[in-house]
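S.K.: Have a look at this one before I ask anything.
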Amino acid sequence: MTNQRSISCGLDFCAAPDLNSCLITANSSKYEFVFIPLIHPLYKREFVSGAAKKRSGPFTRPDIVLCSSDWNHLIIGKISPYIRVDSKNPIVKRNSEETLNQELALARHLGLVGVTFRLMGGIERNANLARIICDKVSSTCTLQIWIQIPMENPVKQAYSYRKGECNSIENPWEWWNAFRIVCDYDRKLGVALIISHDLPEPEEIDRWLGEPVKCLFIPTSLFITNKKGYPVLSKAHQTVIKKFSMLEVQFVLTGANRHQHISYYHNYLEYLWKNCQVNGTVERFARGYEDYLQCPLQPLMDNLESQTYEIFEKDPFKYTQYQTAIYEAILGIVNDSPDTTDDEDRKIVIMVVGAGRGPLVFASLNAAEMANQKVKVYAVEKNPNAVLTLQALERDMWEDKVTVVSCDMREWNAPEKADILVSELLGSFGDNELSPECLDGVQKFLKDDGISIPSSYTSYIAPVQSSKLYNEVRCCKDKDKHFLAHFETSYVVHLQNKYDIAKPQALFTFKHPNKADIIDNSRYEIKTFEVQQNSVLHGFSGYFDAVLYKEIRMSIEPSTRSPKMFSWFPIFFPIREPVQVKAGEQIVVHFWRQCSLKNVWYEWCISKPISGPIHNPGGRSYTIGL
């Protein structure tokens with residue numbers, strides 16, 4: 001049994017005089033759906049004046065040619081390409097408006113999932129079109145609008161690349177960006193991205209990864225013939241397919257068949273798709289969670305459920321790293337101790353604080369056995385349900401090697417001091433599950449030369465573009481909270497449909513044991529990011545990097561990410577309104593970690609390229625309970 005998702009491929013028809021025949025052709029070649037004109041491309045209608053105004057008879061095929069289920073699942077309707085609602089000719093403009101409204105009404109009547117049209121040019125040429133589309137999608141209509149955008153400007157492709165001729169040619173992403181702004185970022189708008197022969201720069205392609213790309217249009221003219229006579233794509237185009245396959249986009253084959261059978265294209269795309277699908281441990285764990293907003297855990301306030309413990313205990317990397325760190329720490333203590341016979345029976349004291357169901361206890365015992373060293377382990381846990389498991393393990397397996405303590409670690413009165421203090425209190429942002437406060441509260445049990453594992457951790461942030469996440473946050477509603485609450489809350493997210501505007505930068509660092517005379521875990525940092533190309537700022541992604549012991553680390557920061565580790569997804573801090581940022585500008589973000597006697601919370605705002613409001617002032621929308 002495989003976890004791999006199947007490819008979804010459609011076939012584009014320039015005309016469909018016999019719709020059932022088109023569906024049979026597509027289905028027999030393994031294509032799952034078709035793009036067809038709603039009205040025959042040559043059948044123009046006149047609503048204002050002209051001979052066709054009085055033409056009798058139906059303007060297109062009746063709905064009964066297909067059952068409603070087929071209309072719902074197999075058809076994407078193409079809007080007539082001659083519609084010009086922004087024409088300066090008032091008759092053409094009015095006639096086009098009536099035609100567009102007629103076709104959109106027909107699509108709703110048929111129950112189509114979506115319609116599509118090609119966008120050429122910026123908003124100054126399409127303002128009226130954007131107004132009409134905005135009016136339709138902002139109603140109760142469920143119809144999706146897939147806007148066809150060329151990946152590269154056709155005008156640019158037509159130029160010979162002489163001195164600076166292409167510098168002033170607008171990027172098609174700008175067309176899309178302006179259009180969706182006018183439509184208020186409506187989630188019913190999607191992109192049908194047309195792959196071109198000449199591909200843009202990789203950074204420009206990556207920017208589309210932060211957009212709601214529904215499908216890729218792949219012209220048959222892109223394919224070359226291999227030695228066996230089958231269609232294949234160039235390495236560069238294969239790379240594009242691979243990038244977008246991670247977003248699970250659909251593919252649409254368009255253009256005349258240039259090979260022996262139309263199914264050959266589907267077979268090749270399916271081959272690429274299967275090679276692009278990664279079936280590693282992390283990917284299997286994360287499947288279904290892509291771009292899904294989750295509230296961060298608060299294990300200090302809330303007792304975790306059995307299922308949550310079970311999921312994280314399966315992490316193949318984290319506990320191996322912890323075990324290695326504990327092993328090295330034991331060796332370090334043994335090697336630093338005076339070589340006397342009195343030390344032969346000495347037991348190294350290890351305190352596992354926040355023991356959960358015991359994975360770090362096992363790691364400690366395994367490390368001690370590897371080091372051939374006697375240890376005494378205290379397993380401290382506040383969750384009474386998890387303590388049941390610890391007590392059963394103590395009775396059946398650990399015996400006198402482990403002492404289980406059912407207590408909040410900060411309220412415990414330890415009978416002796418520890419050589420090693422072990423915890424796994426880290427959150428997706430490092431300190432967001434209150435590891436600093438917890439470890440500061442128990443470090444009094446650590447010997448003066450004792451070791452804390454982890455010894456330090458650093459949070460990271462990066463500006464991110466993601467229409468998907470912005471719309472997900474915008475759709476959240478809670479009548480009992482502040483009306484901006486969901487834009488002032490951090491979310492744990494398996495980030496997929498996003499574009500990183502700039503690389504992450506280190507934010508807050510915490511070290512343990514904390515030997516400061518006055519312990520203050522509040523923080524304030526200002527970070528400046530250089531914008532490489534025009535994009536839209538929707539918020540900030542957050543990560544962490546932790547040093548367990550000496551050189552032994554764990555990280556979810558992209559450049560140093562630990563392989564096969566799935567215990568943490570990144571965190572996401574949204575902003576209220578998207579901010580347009582241009583190449584060469586700076587994004588300056590201010591970030592605070594605020595503390596009171598009862599809560600910890602984050603506040604954030606931007607001051608460049610424009611000044612924005614403080615998010616979550618005073619923790620009004622979200623706090624982490626102590």
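Labeling convention for the structure tokens: chains A, B, ... as they appear, residues from 1 per chain, ligands from 1 in order of appearance.
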Return as a Markdown table the residues of segment 499-565 of chain A lying at most 9 Å from segment 594-613 of chain A, together with the closest atom-to-atom pair for each and the distance in Å to one decimal, counting only C-alpha atoms, with rows in chain order and ascending residue number.
M.R.:
| residue | atom | partner | partner_atom | distance |
| --- | --- | --- | --- | --- |
| A:Asp520 | CA | A:Cys595 | CA | 8.6 |
| A:Asn521 | CA | A:Cys595 | CA | 7.2 |
| A:Ser522 | CA | A:Gln594 | CA | 5.1 |
| A:Arg523 | CA | A:Gln594 | CA | 6.9 |
| A:Tyr524 | CA | A:Gln594 | CA | 8.5 |
| A:Thr528 | CA | A:Lys608 | CA | 8.7 |
S.K.: Mind writing the picked residues with N, CA, C and O atoms as a PDB file, in the first residue's frame?
M.R.:
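Output (part05.pdb):
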ATOM      1  N   ASP A 520      15.970  37.640  33.105  1.00  0.00           N
ATOM      2  CA  ASP A 520      14.905  38.329  32.376  1.00  0.00           C
ATOM      3  C   ASP A 520      14.786  37.674  31.005  1.00  0.00           C
ATOM      4  O   ASP A 520      15.678  37.783  30.173  1.00  0.00           O
ATOM      5  N   ASN A 521      13.682  37.006  30.780  1.00  0.00           N
ATOM      6  CA  ASN A 521      13.493  36.302  29.515  1.00  0.00           C
ATOM      7  C   ASN A 521      12.709  37.093  28.481  1.00  0.00           C
ATOM      8  O   ASN A 521      12.319  36.548  27.447  1.00  0.00           O
ATOM      9  N   SER A 522      12.455  38.363  28.766  1.00  0.00           N
ATOM     10  CA  SER A 522      11.859  39.210  27.735  1.00  0.00           C
ATOM     11  C   SER A 522      12.949  39.579  26.725  1.00  0.00           C
ATOM     12  O   SER A 522      14.131  39.613  27.057  1.00  0.00           O
ATOM     13  N   ARG A 523      12.536  39.822  25.500  1.00  0.00           N
ATOM     14  CA  ARG A 523      13.486  40.110  24.435  1.00  0.00           C
ATOM     15  C   ARG A 523      12.904  41.148  23.478  1.00  0.00           C
ATOM     16  O   ARG A 523      11.686  41.271  23.340  1.00  0.00           O
ATOM     17  N   TYR A 524      13.801  41.854  22.799  1.00  0.00           N
ATOM     18  CA  TYR A 524      13.390  42.770  21.730  1.00  0.00           C
ATOM     19  C   TYR A 524      14.495  42.827  20.693  1.00  0.00           C
ATOM     20  O   TYR A 524      15.655  43.081  21.028  1.00  0.00           O
ATOM     21  N   THR A 528      16.458  43.314   9.722  1.00  0.00           N
ATOM     22  CA  THR A 528      16.329  43.949   8.413  1.00  0.00           C
ATOM     23  C   THR A 528      16.603  42.927   7.317  1.00  0.00           C
ATOM     24  O   THR A 528      17.628  42.241   7.341  1.00  0.00           O
TER      25      THR A 528
END
S.K.: Which polymer residues have any atom within 9 Å of an atom of Glu270 of chain A, counting only C-alpha atoms, with same-chain residues fewer than 2 positions away left out, as a PyMOL selection string?
M.R.: chain A and resi 6-9+265-268+272-275
S.K.: Give me the residues within 12 Å of Pro62 of chain A as a ChimeraX atom specification, counting only C-alpha atoms and dropping any in the same chain fewer than 6 places off.
M.R.: /A:18-19,38-39,68,71,106-107,109-110
S.K.: Go through A:Ala462, A:Val588, A:Leu189, A:Ile205 one by one, measure the shortest atom-to-atom distance of each to Ser541 of chain A using only C-alpha atoms, and give the residue with the smallest value.
M.R.: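 Looking only at the distances to Ser541 of chain A, the closest residue turns out to be A:Ala462.
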S.K.: Please provide as a list in words all residues within 9 Å of His259 of chain A, with the sequence filter that same-chain residues fewer than 3 positions apart are discarded (counting only C-alpha atoms).
M.R.: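 So, after excluding close chain neighbours, the residues are Thr225, Gly229, Tyr230, Pro231, Ile262, Tyr264 and Tyr265 of chain A.
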S.K.: Write out, as an mmCIF file, in the first residue's frame, the residues just selected, with C-alpha atoms.
M.R.:
data_model
loop_
_atom_site.group_PDB
_atom_site.id
_atom_site.type_symbol
_atom_site.label_atom_id
_atom_site.label_comp_id
_atom_site.auth_asym_id
_atom_site.auth_seq_id
_atom_site.Cartn_x
_atom_site.Cartn_y
_atom_site.Cartn_z
ATOM 1 C CA THR A 225 11.451 13.480 -28.963
ATOM 2 C CA GLY A 229 10.367 8.334 -30.299
ATOM 3 C CA TYR A 230 8.623 9.350 -27.076
ATOM 4 C CA PRO A 231 7.985 12.923 -25.876
ATOM 5 C CA ILE A 262 -1.833 11.741 -26.950
ATOM 6 C CA TYR A 264 2.335 9.406 -24.403
ATOM 7 C CA TYR A 265 2.374 12.874 -22.868
#
S.K.: Tell me which of A:Ser263, A:Ser69, A:Gln373, A:Thr142 sits closest to Gly114 of chain A, counting only C-alpha atoms.
M.R.: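 The shortest atom-to-atom distance to Gly114 of chain A comes from A:Thr142.
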